[in-house]
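Below is run-v6.txt, which holds compact mmCIF, C-alpha atoms and all ligand atoms.
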# COMPACT_ATOMS: atom_id res chain seq x y z
CA MET A 1 194.29 -152.56 -172.83
CA PRO A 2 191.43 -154.10 -174.84
CA ARG A 3 192.22 -157.47 -176.43
CA SER A 4 189.74 -157.17 -179.26
CA ALA A 5 188.22 -154.37 -181.23
CA ARG A 6 185.41 -153.96 -183.73
CA GLN A 7 185.73 -152.52 -187.19
CA VAL A 8 183.44 -152.08 -190.17
CA GLN A 9 184.65 -153.70 -193.38
CA LEU A 10 183.36 -153.52 -196.93
CA VAL A 11 182.38 -156.91 -198.34
CA GLU A 12 181.19 -155.91 -201.80
CA TYR A 13 181.39 -152.82 -204.02
CA PRO A 14 177.83 -151.46 -204.33
CA VAL A 15 176.38 -150.76 -207.75
CA GLY A 16 173.84 -147.95 -207.37
CA GLU A 17 172.46 -147.52 -203.87
CA VAL A 18 174.50 -148.47 -200.82
CA THR A 19 172.82 -150.91 -198.41
CA PRO A 20 173.95 -152.31 -195.04
CA ASP A 21 174.55 -155.69 -196.77
CA HIS A 22 177.61 -154.25 -198.44
CA PHE A 23 179.33 -154.10 -195.04
CA VAL A 24 180.06 -156.26 -192.06
CA THR A 25 181.22 -155.42 -188.53
CA VAL A 26 183.95 -157.81 -187.38
CA GLU A 27 186.01 -158.42 -184.24
CA VAL A 28 189.75 -158.21 -184.64
CA GLU A 29 192.69 -158.53 -182.27
CA VAL A 30 194.25 -155.29 -181.02
CA PRO A 31 198.03 -155.39 -181.51
CA GLU A 32 200.41 -153.75 -179.02
CA PRO A 33 201.42 -150.25 -180.15
CA GLN A 34 204.97 -150.27 -181.52
CA ALA A 35 207.53 -147.47 -181.10
CA GLY A 36 206.07 -144.31 -182.69
CA GLN A 37 202.47 -145.54 -182.35
CA VAL A 38 199.53 -144.84 -180.09
CA LEU A 39 196.42 -146.83 -179.25
CA VAL A 40 193.29 -144.68 -179.49
CA ARG A 41 189.76 -145.38 -178.25
CA ASN A 42 187.60 -143.72 -180.88
CA THR A 43 184.59 -141.78 -179.67
CA PHE A 44 183.17 -140.29 -182.88
CA THR A 45 183.80 -141.10 -186.51
CA SER A 46 182.89 -139.13 -189.58
CA VAL A 47 180.48 -140.10 -192.34
CA ASP A 48 181.07 -138.26 -195.61
CA PRO A 49 179.34 -138.33 -199.00
CA GLY A 50 182.72 -138.57 -200.76
CA MET A 51 183.12 -142.05 -199.22
CA ARG A 52 180.65 -143.24 -201.85
CA LEU A 53 183.28 -142.54 -204.53
CA ARG A 54 185.66 -144.85 -202.68
CA LEU A 55 183.17 -147.71 -202.55
CA ARG A 56 184.15 -148.53 -206.12
CA GLU A 57 186.80 -150.89 -207.35
CA SER A 58 188.36 -147.93 -209.07
CA GLY A 59 187.38 -144.42 -208.02
CA PRO A 60 188.09 -141.02 -209.57
CA ALA A 61 191.78 -140.64 -210.48
CA GLY A 62 193.64 -138.41 -208.05
CA TYR A 63 191.03 -138.81 -205.29
CA PHE A 64 191.43 -140.84 -202.08
CA ASN A 65 192.03 -144.56 -202.61
CA SER A 66 189.14 -146.94 -202.95
CA PHE A 67 188.38 -148.99 -199.85
CA SER A 68 189.68 -152.56 -200.01
CA LEU A 69 187.30 -155.47 -199.53
CA GLY A 70 187.55 -157.40 -196.26
CA ALA A 71 189.91 -154.93 -194.58
CA ALA A 72 189.75 -152.01 -192.18
CA MET A 73 188.53 -148.87 -193.95
CA ASP A 74 191.35 -146.34 -193.72
CA ASP A 75 191.34 -142.62 -194.36
CA ILE A 76 188.12 -141.82 -192.53
CA TRP A 77 188.33 -139.04 -189.98
CA ALA A 78 187.78 -139.88 -186.29
CA VAL A 79 188.38 -138.40 -182.85
CA GLY A 80 189.15 -140.23 -179.64
CA GLU A 81 191.30 -140.61 -176.59
CA VAL A 82 194.83 -141.99 -176.41
CA ILE A 83 194.81 -145.11 -174.22
CA GLU A 84 198.47 -145.98 -174.55
CA SER A 85 201.32 -144.10 -176.18
CA ARG A 86 204.69 -145.11 -177.51
CA ALA A 87 204.98 -141.95 -179.62
CA ASP A 88 206.77 -138.76 -178.61
CA GLY A 89 204.41 -135.88 -178.00
CA PHE A 90 201.38 -138.03 -177.10
CA GLU A 91 200.25 -139.27 -173.70
CA ALA A 92 197.43 -141.42 -172.40
CA GLY A 93 194.39 -139.20 -171.95
CA ASP A 94 195.18 -136.91 -174.90
CA ALA A 95 192.24 -136.05 -177.15
CA VAL A 96 193.34 -136.61 -180.76
CA TRP A 97 192.15 -136.75 -184.32
CA HIS A 98 193.38 -139.21 -186.92
CA ALA A 99 192.04 -141.07 -189.94
CA LYS A 100 191.46 -144.61 -188.71
CA GLY A 101 187.72 -144.27 -188.29
CA TRP A 102 184.89 -146.82 -188.58
CA ARG A 103 186.41 -148.91 -185.75
CA ASP A 104 186.33 -148.59 -181.98
CA TYR A 105 190.06 -148.94 -181.22
CA ALA A 106 192.82 -147.86 -183.57
CA ILE A 107 196.57 -148.19 -183.68
CA VAL A 108 197.86 -144.97 -185.21
CA THR A 109 201.40 -144.14 -186.28
CA ALA A 110 202.46 -140.60 -185.38
CA GLY A 111 203.58 -138.51 -188.34
CA GLU A 112 202.12 -140.86 -190.97
CA PRO A 113 200.25 -138.60 -193.42
CA ALA A 114 196.51 -139.31 -193.47
CA LEU A 115 193.69 -137.94 -195.64
CA ALA A 116 196.18 -136.06 -197.83
CA GLY A 117 197.85 -134.73 -194.68
CA ILE A 118 194.85 -133.02 -193.12
CA ALA A 119 194.05 -135.79 -190.61
CA THR A 120 197.53 -136.89 -189.59
CA LEU A 121 197.50 -137.85 -185.87
CA ALA A 122 197.28 -134.62 -183.87
CA ARG A 123 196.18 -133.48 -180.45
CA ILE A 124 193.02 -131.39 -180.36
CA ASP A 125 192.17 -128.70 -177.86
CA THR A 126 188.91 -129.67 -176.20
CA SER A 127 188.92 -126.45 -174.18
CA VAL A 128 187.96 -124.67 -177.44
CA ALA A 129 185.12 -127.08 -178.25
CA PRO A 130 184.13 -130.73 -177.68
CA ALA A 131 186.18 -133.27 -179.64
CA GLU A 132 183.48 -134.03 -182.21
CA LYS A 133 183.45 -130.40 -183.37
CA TYR A 134 186.87 -131.15 -184.86
CA LEU A 135 185.09 -133.46 -187.31
CA GLY A 136 182.94 -130.50 -188.30
CA PRO A 137 183.48 -126.75 -188.12
CA LEU A 138 186.96 -126.97 -186.57
CA GLY A 139 188.21 -129.58 -189.03
CA ALA A 140 187.63 -130.64 -192.62
CA MET A 141 184.10 -129.21 -192.90
CA GLY A 142 185.23 -125.81 -191.66
CA VAL A 143 188.33 -125.67 -193.82
CA THR A 144 186.41 -126.83 -196.90
CA ALA A 145 183.73 -124.18 -196.43
CA TYR A 146 186.25 -121.46 -195.62
CA ALA A 147 188.79 -122.21 -198.37
CA GLY A 148 186.01 -122.89 -200.86
CA LEU A 149 184.61 -119.42 -200.41
CA LEU A 150 187.75 -117.40 -199.82
CA ASP A 151 190.35 -119.22 -201.92
CA ALA A 152 188.47 -121.13 -204.62
CA ALA A 153 185.62 -118.64 -205.15
CA GLN A 154 187.69 -115.59 -204.22
CA LEU A 155 184.73 -114.08 -202.35
CA ARG A 156 184.59 -110.29 -202.85
CA GLU A 157 182.67 -107.51 -201.19
CA GLY A 158 179.12 -107.27 -202.47
CA ASP A 159 179.00 -110.77 -204.01
CA VAL A 160 175.61 -112.48 -204.10
CA VAL A 161 176.23 -116.10 -203.15
CA TRP A 162 174.28 -119.33 -203.76
CA ILE A 163 175.12 -122.39 -201.68
CA SER A 164 173.63 -125.79 -202.54
CA ALA A 165 173.06 -128.53 -199.93
CA ALA A 166 172.89 -125.52 -197.60
CA ALA A 167 171.54 -127.49 -194.63
CA GLY A 168 174.46 -129.94 -194.76
CA ALA A 169 177.79 -130.03 -192.99
CA VAL A 170 179.86 -127.98 -195.45
CA GLY A 171 176.95 -126.01 -196.93
CA SER A 172 175.63 -124.72 -193.60
CA LEU A 173 179.09 -123.44 -192.70
CA ALA A 174 179.80 -121.89 -196.09
CA ALA A 175 176.40 -120.16 -195.99
CA GLN A 176 177.04 -118.69 -192.56
CA ILE A 177 180.62 -117.63 -193.31
CA ALA A 178 179.31 -115.69 -196.31
CA LYS A 179 176.46 -114.26 -194.23
CA LEU A 180 178.73 -113.25 -191.35
CA ARG A 181 180.90 -111.45 -193.89
CA GLY A 182 177.92 -109.40 -194.99
CA HIS A 183 176.83 -111.09 -198.23
CA ARG A 184 173.38 -111.78 -199.60
CA VAL A 185 173.15 -115.57 -199.40
CA ILE A 186 170.70 -117.93 -201.05
CA GLY A 187 170.51 -121.56 -199.96
CA SER A 188 168.95 -124.62 -201.53
CA ALA A 189 168.02 -127.88 -199.87
CA GLY A 190 165.85 -130.95 -200.39
CA SER A 191 162.90 -130.41 -198.03
CA GLU A 192 160.67 -127.72 -196.60
CA ASP A 193 162.06 -128.43 -193.11
CA LYS A 194 165.59 -127.81 -194.31
CA VAL A 195 164.49 -124.63 -196.09
CA ARG A 196 162.96 -123.39 -192.82
CA TYR A 197 166.15 -124.33 -190.96
CA VAL A 198 168.44 -122.34 -193.28
CA LEU A 199 166.12 -119.34 -193.21
CA ASP A 200 165.14 -119.30 -189.54
CA GLU A 201 168.23 -120.69 -187.80
CA LEU A 202 171.06 -119.90 -190.19
CA GLY A 203 169.60 -116.53 -191.17
CA LEU A 204 169.95 -116.83 -194.95
CA ASP A 205 168.30 -114.19 -197.12
CA ALA A 206 166.42 -116.62 -199.37
CA ALA A 207 166.11 -120.36 -199.74
CA PHE A 208 164.27 -122.90 -201.86
CA ASP A 209 163.47 -126.61 -202.03
CA TYR A 210 165.11 -127.86 -205.23
CA ARG A 211 162.68 -130.79 -205.45
CA ASP A 212 159.73 -128.44 -206.07
CA ARG A 213 160.38 -127.09 -209.54
CA PRO A 214 163.33 -126.77 -211.95
CA VAL A 215 166.34 -125.51 -210.00
CA VAL A 216 167.09 -122.83 -212.57
CA ASP A 217 163.63 -121.29 -212.06
CA ARG A 218 163.98 -121.35 -208.30
CA VAL A 219 167.42 -119.78 -208.19
CA GLN A 220 166.47 -117.05 -210.67
CA GLU A 221 163.40 -116.17 -208.61
CA ALA A 222 165.62 -115.88 -205.51
CA ALA A 223 168.27 -113.87 -207.40
CA PRO A 224 166.53 -111.95 -210.20
CA ASP A 225 169.69 -109.89 -210.85
CA GLY A 226 171.95 -112.94 -210.88
CA ILE A 227 174.61 -114.34 -208.58
CA ASP A 228 178.36 -113.80 -208.35
CA VAL A 229 179.43 -116.95 -206.51
CA TYR A 230 178.08 -120.48 -206.58
CA PHE A 231 179.36 -122.95 -203.97
CA ASP A 232 178.61 -126.27 -205.62
CA ASN A 233 178.02 -129.30 -203.42
CA VAL A 234 175.70 -131.01 -205.87
CA GLY A 235 176.72 -130.81 -209.57
CA GLY A 236 174.22 -131.84 -212.27
CA ASP A 237 171.16 -129.61 -212.69
CA HIS A 238 172.37 -127.32 -209.88
CA LEU A 239 175.61 -126.50 -211.66
CA GLU A 240 173.73 -125.97 -214.90
CA ALA A 241 171.36 -123.57 -213.13
CA ALA A 242 174.30 -121.65 -211.71
CA LEU A 243 175.94 -121.30 -215.13
CA ALA A 244 172.67 -119.83 -216.40
CA THR A 245 172.48 -117.35 -213.49
CA LEU A 246 176.04 -116.19 -212.83
CA ARG A 247 176.84 -112.58 -213.67
CA PRO A 248 179.96 -111.64 -215.69
CA TRP A 249 183.18 -112.55 -213.86
CA GLY A 250 181.26 -114.85 -211.53
CA ARG A 251 183.01 -117.73 -209.78
CA VAL A 252 182.12 -121.31 -208.91
CA ALA A 253 183.76 -123.31 -206.13
CA LEU A 254 183.43 -126.94 -207.25
CA CYS A 255 183.30 -128.61 -203.86
CA GLY A 256 181.40 -131.79 -204.67
CA ALA A 257 178.85 -133.36 -206.97
CA ILE A 258 176.72 -135.52 -204.69
CA SER A 259 173.92 -135.86 -207.27
CA GLU A 260 176.31 -138.05 -209.29
CA TYR A 261 177.90 -140.23 -206.63
CA GLU A 262 175.50 -143.17 -206.85
CA SER A 263 175.04 -143.11 -210.62
CA THR A 264 175.83 -146.35 -212.39
CA GLY A 265 176.97 -144.85 -215.71
CA PRO A 266 178.77 -141.76 -216.97
CA THR A 267 177.02 -138.54 -215.95
CA PRO A 268 176.49 -135.77 -218.52
CA GLY A 269 178.38 -132.50 -218.12
CA PRO A 270 176.44 -129.22 -217.96
CA SER A 271 174.81 -128.58 -221.33
CA ASN A 272 175.48 -124.83 -221.03
CA LEU A 273 179.19 -124.81 -220.23
CA PHE A 274 179.69 -122.13 -222.92
CA GLN A 275 178.18 -119.66 -220.43
CA ALA A 276 181.56 -119.83 -218.69
CA THR A 277 183.21 -118.42 -221.81
CA ALA A 278 180.42 -115.98 -222.57
CA ASN A 279 180.57 -114.44 -219.09
CA ASN A 280 184.25 -114.74 -218.21
CA LEU A 281 183.42 -117.16 -215.39
CA THR A 282 185.90 -119.09 -213.26
CA LEU A 283 185.08 -122.66 -212.22
CA ARG A 284 187.61 -123.97 -209.72
CA GLY A 285 187.67 -127.43 -208.20
CA PHE A 286 189.27 -127.68 -204.79
CA ARG A 287 189.83 -130.05 -201.90
CA GLY A 288 189.84 -128.95 -198.28
CA SER A 289 192.99 -131.02 -197.68
CA ALA A 290 194.93 -128.75 -200.06
CA TYR A 291 194.15 -125.82 -197.77
CA ARG A 292 195.08 -127.41 -194.45
CA HIS A 293 197.34 -124.41 -193.76
CA ARG A 294 194.01 -122.57 -193.22
CA LEU A 295 193.18 -124.74 -190.17
CA PRO A 296 194.53 -122.27 -187.58
CA ASP A 297 192.43 -119.46 -189.16
CA VAL A 298 189.41 -121.75 -189.19
CA VAL A 299 189.79 -122.79 -185.54
CA ARG A 300 190.27 -119.16 -184.50
CA GLU A 301 187.52 -117.60 -186.62
CA LEU A 302 184.87 -120.34 -186.63
CA GLY A 303 185.76 -121.42 -183.06
CA GLY A 304 185.22 -117.81 -181.96
CA TRP A 305 181.85 -117.53 -183.72
CA LEU A 306 180.78 -120.88 -182.27
CA ALA A 307 181.70 -119.79 -178.74
CA GLU A 308 179.81 -116.51 -179.21
CA GLY A 309 176.76 -118.38 -180.51
CA ARG A 310 176.96 -116.58 -183.86
CA LEU A 311 177.68 -119.76 -185.82
CA ARG A 312 174.98 -122.41 -185.72
CA TYR A 313 175.95 -126.00 -186.26
CA ARG A 314 173.71 -129.04 -186.18
CA GLU A 315 174.82 -132.62 -185.96
CA THR A 316 172.91 -135.75 -186.82
CA ILE A 317 174.36 -138.33 -184.44
CA ILE A 318 173.85 -142.01 -185.12
CA ASP A 319 174.71 -144.23 -182.17
CA GLY A 320 176.71 -147.43 -182.60
CA LEU A 321 179.67 -148.31 -184.80
CA GLU A 322 177.72 -151.06 -186.59
CA ARG A 323 175.28 -148.38 -187.80
CA ALA A 324 177.96 -146.47 -189.75
CA PRO A 325 176.75 -147.91 -193.11
CA GLU A 326 173.19 -146.82 -192.28
CA ALA A 327 174.55 -143.36 -191.48
CA LEU A 328 176.22 -143.20 -194.89
CA MET A 329 172.97 -144.20 -196.59
CA ARG A 330 171.21 -141.42 -194.71
CA VAL A 331 173.77 -138.83 -195.81
CA LEU A 332 173.47 -139.87 -199.44
CA SER A 333 169.68 -139.75 -199.37
CA GLY A 334 169.44 -136.38 -197.62
CA ASN A 335 168.18 -137.82 -194.36
CA THR A 336 170.60 -135.87 -192.16
CA THR A 337 170.96 -132.20 -191.25
CA GLY A 338 174.32 -130.64 -190.48
CA LYS A 339 177.22 -132.99 -189.89
CA ALA A 340 176.55 -136.73 -189.79
CA LEU A 341 178.55 -138.45 -187.06
CA VAL A 342 178.63 -141.92 -185.62
CA ARG A 343 179.06 -142.01 -181.86
CA ILE A 344 181.11 -145.04 -180.98
CA SER A 345 181.07 -144.89 -177.20
N1 LIG A 401 186.12 -130.68 -201.80
C1 LIG A 401 186.26 -131.16 -200.56
O1 LIG A 401 187.33 -131.16 -199.97
C2 LIG A 401 185.05 -131.66 -199.85
C3 LIG A 401 185.09 -131.93 -198.48
C4 LIG A 401 183.90 -132.34 -197.84
C5 LIG A 401 182.75 -132.52 -198.59
N2 LIG A 401 182.79 -132.28 -199.93
C6 LIG A 401 181.59 -132.39 -200.75
O2 LIG A 401 180.70 -131.40 -200.30
C7 LIG A 401 179.35 -131.85 -200.48
C8 LIG A 401 178.62 -131.78 -199.14
O3 LIG A 401 179.26 -132.65 -198.24
P1 LIG A 401 178.83 -132.70 -196.71
O4 LIG A 401 179.79 -133.56 -196.01
O5 LIG A 401 178.61 -131.33 -196.23
O6 LIG A 401 177.46 -133.49 -196.79
P2 LIG A 401 175.99 -133.00 -196.36
O7 LIG A 401 175.69 -131.77 -197.14
O8 LIG A 401 175.93 -132.92 -194.89
O9 LIG A 401 175.10 -134.20 -196.83
C9 LIG A 401 174.87 -134.38 -198.18
C10 LIG A 401 173.58 -133.65 -198.62
O10 LIG A 401 173.53 -133.60 -200.02
C11 LIG A 401 172.18 -133.45 -200.41
N3 LIG A 401 171.90 -134.29 -201.59
C12 LIG A 401 171.95 -135.63 -201.70
N4 LIG A 401 171.62 -136.01 -202.95
C13 LIG A 401 171.32 -134.87 -203.62
C14 LIG A 401 170.89 -134.60 -204.95
N5 LIG A 401 170.70 -135.58 -205.86
N6 LIG A 401 170.69 -133.31 -205.31
C15 LIG A 401 170.87 -132.32 -204.42
N7 LIG A 401 171.28 -132.51 -203.15
C16 LIG A 401 171.50 -133.78 -202.76
C17 LIG A 401 171.32 -133.91 -199.24
O11 LIG A 401 170.67 -132.76 -198.71
P3 LIG A 401 169.22 -132.32 -199.25
O12 LIG A 401 168.23 -132.88 -198.31
O13 LIG A 401 169.32 -130.84 -199.23
O14 LIG A 401 169.07 -132.89 -200.64
C18 LIG A 401 172.34 -134.41 -198.22
O15 LIG A 401 171.92 -134.12 -196.91
C19 LIG A 401 179.44 -133.25 -201.06
O16 LIG A 401 179.36 -133.15 -202.46
C20 LIG A 401 180.84 -133.69 -200.64
O17 LIG A 401 181.35 -134.70 -201.46
C21 LIG A 401 183.90 -131.86 -200.56

Can you present the structure in this file as structure tokens?
Amino acid sequence: MPRSARQVQLVEYPVGEVTPDHFVTVEVEVPEPQAGQVLVRNTFTSVDPGMRLRLRESGPAGYFNSFSLGAAMDDIWAVGEVIESRADGFEAGDAVWHAKGWRDYAIVTAGEPALAGIATLARIDTSVAPAEKYLGPLGAMGVTAYAGLLDAAQLREGDVVWISAAAGAVGSLAAQIAKLRGHRVIGSAGSEDKVRYVLDELGLDAAFDYRDRPVVDRVQEAAPDGIDVYFDNVGGDHLEAALATLRPWGRVALCGAISEYESTGPTPGPSNLFQATANNLTLRGFRGSAYRHRLPDVVRELGGWLAEGRLRYRETIIDGLERAPEALMRVLSGNTTGKALVRIS
């Protein structure tokens, strides 16, 4: 059993852009697992844009807790291998997921709800896919994309769909789920390379670089007759453009608002919200964790498509636990494609 472990801690709440100076990697002692606990050697840990909202002394009400200063950062998804178990149902050698990421070894209590219940310690089946895929399509990213489209946006036959941040972890899955179900899908992303990726590799029908020209112009060129569903990963001008483009009875899945996460003051709401009334639109916020009952469907459906090679999924892997803050900066600035992961060992 290792005597010491490394973990990333937050030393200061960033104002504006995150930098590596806001974090430190420290050595801590590894306690013995108590009854009901396991010791896990983490192999991959997740890096998510929503973490930026938790790097504040007080984050959005109802969301995950803010990270504490000078302490292990809890409620971050990770996968690894059980080294020692004192919990029923877990044995050394088991591949598991849990939510004590951003450290190399973790003591995890079985049954303790984590990440609103979606990342409570559980064994994962690595015969379906490698462990890290459970931090992507077979875990929160998959369930968020799937539930966002089917439950929040109530995807219907014939819908024309726009997905923002379409080259990202959630966006690339949502775009392909809609495509594989036979929809016309438009994607937006922040570079020509990403636009090429979503067109050529993900097979979307149209795509544009939102940095080029006003988003509303670009989306209306791609969908001259309007859209029925907008999967919003971005907020701000993207949401405003969607409100201006949605057809009557259109639906928006409010998944995230990354354009606002690093802002230092209050962000304005869409100036054209009345379009929702005018066109009988539905805007529904949702969190993947609320749809964790969808996980078996996601593993079956997305796992099947992955195995058949019909679902494409890129990862941007950053090596080394101490580089987790750099990985987060890259996610927030658009310098990753697909799911951003830190490989710990
Ligand atoms: N509701 C939920 O349960 C849930 C769960 C997971 C994630 N989310 C949300 O879903 C969204 C995507 O998350 P993800 O994990 O899949 O991340 P991701 O898309 O892999 O990475 C974030 C991407 O956002 C884009 N971006 C950054 N700043 C932007 C801006 N100002 N305007 C437009 N695009 C910008 C960047 O891509 P470009 O290069 O294309 O700009 C970046 O690569 C985030 O808003 C996240 O908070 C929600």

Which polymer residues have any atom within 9 Å of an atom of Gly256 (chain A), counting all atoms listed in the file, with same-chain residues fewer than 5 positions away left out, as a PDB file with C-alpha atoms, in the coordinates of the input?
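The result, written out as result-v7.pdb:
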ATOM      1  CA  PRO A  49     179.340-138.330-199.000  1.00  0.00           C
ATOM      2  CA  GLY A  50     182.720-138.570-200.760  1.00  0.00           C
ATOM      3  CA  ASP A 232     178.610-126.270-205.620  1.00  0.00           C
ATOM      4  CA  ASN A 233     178.020-129.300-203.420  1.00  0.00           C
ATOM      5  CA  VAL A 234     175.700-131.010-205.870  1.00  0.00           C
ATOM      6  CA  GLY A 235     176.720-130.810-209.570  1.00  0.00           C
ATOM      7  CA  GLY A 285     187.670-127.430-208.200  1.00  0.00           C
ATOM      8  CA  PHE A 286     189.270-127.680-204.790  1.00  0.00           C
TER       9      PHE A 286
END

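With distances restricted to all atoms listed in the file, A:Ala169 is the closest residue to ligand LIG 401 (chain A) from A:Ala95, A:Leu302, A:Ala169, A:Ile318.
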
Could you report the residues within 7 Å of ligand LIG 401 (chain A), using all atoms listed in the file, as a ChimeraX atom specification? /A:48-50,140-141,144,165-171,188-191,194,233-234,255-259,286-289,331-340

Could you give me, as a PDB file with C-alpha atoms, in the coordinates of the input, the residues within 12 Å of Ala244 (chain A), counting only C-alpha atoms and dropping anything in the same chain fewer than 4 positions from it?
ATOM      1  CA  VAL A 215     166.340-125.510-210.000  1.00  0.00           C
ATOM      2  CA  VAL A 216     167.090-122.830-212.570  1.00  0.00           C
ATOM      3  CA  ASP A 217     163.630-121.290-212.060  1.00  0.00           C
ATOM      4  CA  ARG A 218     163.980-121.350-208.300  1.00  0.00           C
ATOM      5  CA  VAL A 219     167.420-119.780-208.190  1.00  0.00           C
ATOM      6  CA  GLN A 220     166.470-117.050-210.670  1.00  0.00           C
ATOM      7  CA  ALA A 223     168.270-113.870-207.400  1.00  0.00           C
ATOM      8  CA  PRO A 224     166.530-111.950-210.200  1.00  0.00           C
ATOM      9  CA  ASP A 225     169.690-109.890-210.850  1.00  0.00           C
ATOM     10  CA  GLY A 226     171.950-112.940-210.880  1.00  0.00           C
ATOM     11  CA  ILE A 227     174.610-114.340-208.580  1.00  0.00           C
ATOM     12  CA  ASP A 228     178.360-113.800-208.350  1.00  0.00           C
ATOM     13  CA  TYR A 230     178.080-120.480-206.580  1.00  0.00           C
ATOM     14  CA  ASP A 237     171.160-129.610-212.690  1.00  0.00           C
ATOM     15  CA  HIS A 238     172.370-127.320-209.880  1.00  0.00           C
ATOM     16  CA  LEU A 239     175.610-126.500-211.660  1.00  0.00           C
ATOM     17  CA  GLU A 240     173.730-125.970-214.900  1.00  0.00           C
ATOM     18  CA  PRO A 248     179.960-111.640-215.690  1.00  0.00           C
ATOM     19  CA  GLY A 250     181.260-114.850-211.530  1.00  0.00           C
ATOM     20  CA  PRO A 270     176.440-129.220-217.960  1.00  0.00           C
ATOM     21  CA  SER A 271     174.810-128.580-221.330  1.00  0.00           C
ATOM     22  CA  ASN A 272     175.480-124.830-221.030  1.00  0.00           C
ATOM     23  CA  LEU A 273     179.190-124.810-220.230  1.00  0.00           C
ATOM     24  CA  PHE A 274     179.690-122.130-222.920  1.00  0.00           C
ATOM     25  CA  GLN A 275     178.180-119.660-220.430  1.00  0.00           C
ATOM     26  CA  ALA A 276     181.560-119.830-218.690  1.00  0.00           C
ATOM     27  CA  THR A 277     183.210-118.420-221.810  1.00  0.00           C
ATOM     28  CA  ALA A 278     180.420-115.980-222.570  1.00  0.00           C
ATOM     29  CA  ASN A 279     180.570-114.440-219.090  1.00  0.00           C
ATOM     30  CA  LEU A 281     183.420-117.160-215.390  1.00  0.00           C
TER      31      LEU A 281
END

For a quick check of understanding, using only C-alpha atoms, which of A:Arg156, A:Lys179, A:Arg103, A:Arg314 has the smallest distance to Val229 (chain A)?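 Going through A:Arg156, A:Lys179, A:Arg103, A:Arg314 one by one, the smallest distance to Val229 (chain A) is for A:Arg156.
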
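Counting only C-alpha atoms and comparing A:Leu243, A:Leu199, A:Leu306, A:Ala327, the residue that lies closest to Pro130 (chain A) is A:Leu306.
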
Can you tell me how far CA of Arg247 (chain A) sits from CA of Asp159 (chain A), in Å to one decimal?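 If I compute the distance from CA of Arg247 (chain A) to CA of Asp159 (chain A), I get 10.1 Å.
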
State, in Å with one decimal place, the distance from CA of Pro266 (chain A) to CA of Ala147 (chain A).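 Value for the CA of Pro266 (chain A)-CA of Ala147 (chain A) distance: 28.8 Å.
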
Contacts of Pro113 (chain A) at 12 Å or less, counting all atoms listed in the file, minus same-chain residues fewer than 6 places along, as a PyMOL selection string? chain A and resi 74-75+98-100+119-122+289

For CA of Met51 (chain A) and CA of Ala71 (chain A), determine how far apart the two atoms are, in Å to one decimal place.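 Interatomic distance here is 15.3 Å.
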
Fewer than 5 positions away in the same chain doesn't count, so skip those; otherwise give me all residues within 8 Å of region 76-84 of chain A, counting all atoms listed in the file, as a compact mmCIF listing (two decimals) with C-alpha atoms, keeping the file's coordinate frame.
# COMPACT_ATOMS: atom_id res chain seq x y z
CA MET A 1 194.29 -152.56 -172.83
CA PRO A 33 201.42 -150.25 -180.15
CA VAL A 38 199.53 -144.84 -180.09
CA LEU A 39 196.42 -146.83 -179.25
CA VAL A 40 193.29 -144.68 -179.49
CA ARG A 41 189.76 -145.38 -178.25
CA ASN A 42 187.60 -143.72 -180.88
CA THR A 43 184.59 -141.78 -179.67
CA PHE A 44 183.17 -140.29 -182.88
CA THR A 45 183.80 -141.10 -186.51
CA SER A 46 182.89 -139.13 -189.58
CA VAL A 47 180.48 -140.10 -192.34
CA PHE A 90 201.38 -138.03 -177.10
CA GLU A 91 200.25 -139.27 -173.70
CA ALA A 92 197.43 -141.42 -172.40
CA GLY A 93 194.39 -139.20 -171.95
CA ASP A 94 195.18 -136.91 -174.90
CA ALA A 95 192.24 -136.05 -177.15
CA VAL A 96 193.34 -136.61 -180.76
CA TRP A 97 192.15 -136.75 -184.32
CA HIS A 98 193.38 -139.21 -186.92
CA ALA A 99 192.04 -141.07 -189.94
CA LYS A 100 191.46 -144.61 -188.71
CA GLY A 101 187.72 -144.27 -188.29
CA TRP A 102 184.89 -146.82 -188.58
CA LEU A 115 193.69 -137.94 -195.64
CA ALA A 119 194.05 -135.79 -190.61
CA ALA A 131 186.18 -133.27 -179.64
CA GLU A 132 183.48 -134.03 -182.21
CA TYR A 134 186.87 -131.15 -184.86
CA LEU A 135 185.09 -133.46 -187.31

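Counting only C-alpha atoms, the residue from A:Leu138, A:Val11, A:Val24, A:Ile177 that sits nearest to Glu326 (chain A) is A:Val24.
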
Please return, as a PDB file with C-alpha atoms, keeping the file's coordinate frame, all polymer residues that have at least one atom within 8 Å of the point (171.5, -119.1, -189.1); use all atoms listed in the file and the file's own coordinate frame.
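Done, and the output landed in result.pdb:
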ATOM      1  CA  GLN A 176     177.040-118.690-192.560  1.00  0.00           C
ATOM      2  CA  TYR A 197     166.150-124.330-190.960  1.00  0.00           C
ATOM      3  CA  VAL A 198     168.440-122.340-193.280  1.00  0.00           C
ATOM      4  CA  LEU A 199     166.120-119.340-193.210  1.00  0.00           C
ATOM      5  CA  ASP A 200     165.140-119.300-189.540  1.00  0.00           C
ATOM      6  CA  GLU A 201     168.230-120.690-187.800  1.00  0.00           C
ATOM      7  CA  LEU A 202     171.060-119.900-190.190  1.00  0.00           C
ATOM      8  CA  GLY A 203     169.600-116.530-191.170  1.00  0.00           C
ATOM      9  CA  LEU A 204     169.950-116.830-194.950  1.00  0.00           C
ATOM     10  CA  ARG A 310     176.960-116.580-183.860  1.00  0.00           C
ATOM     11  CA  LEU A 311     177.680-119.760-185.820  1.00  0.00           C
ATOM     12  CA  ARG A 312     174.980-122.410-185.720  1.00  0.00           C
TER      13      ARG A 312
END
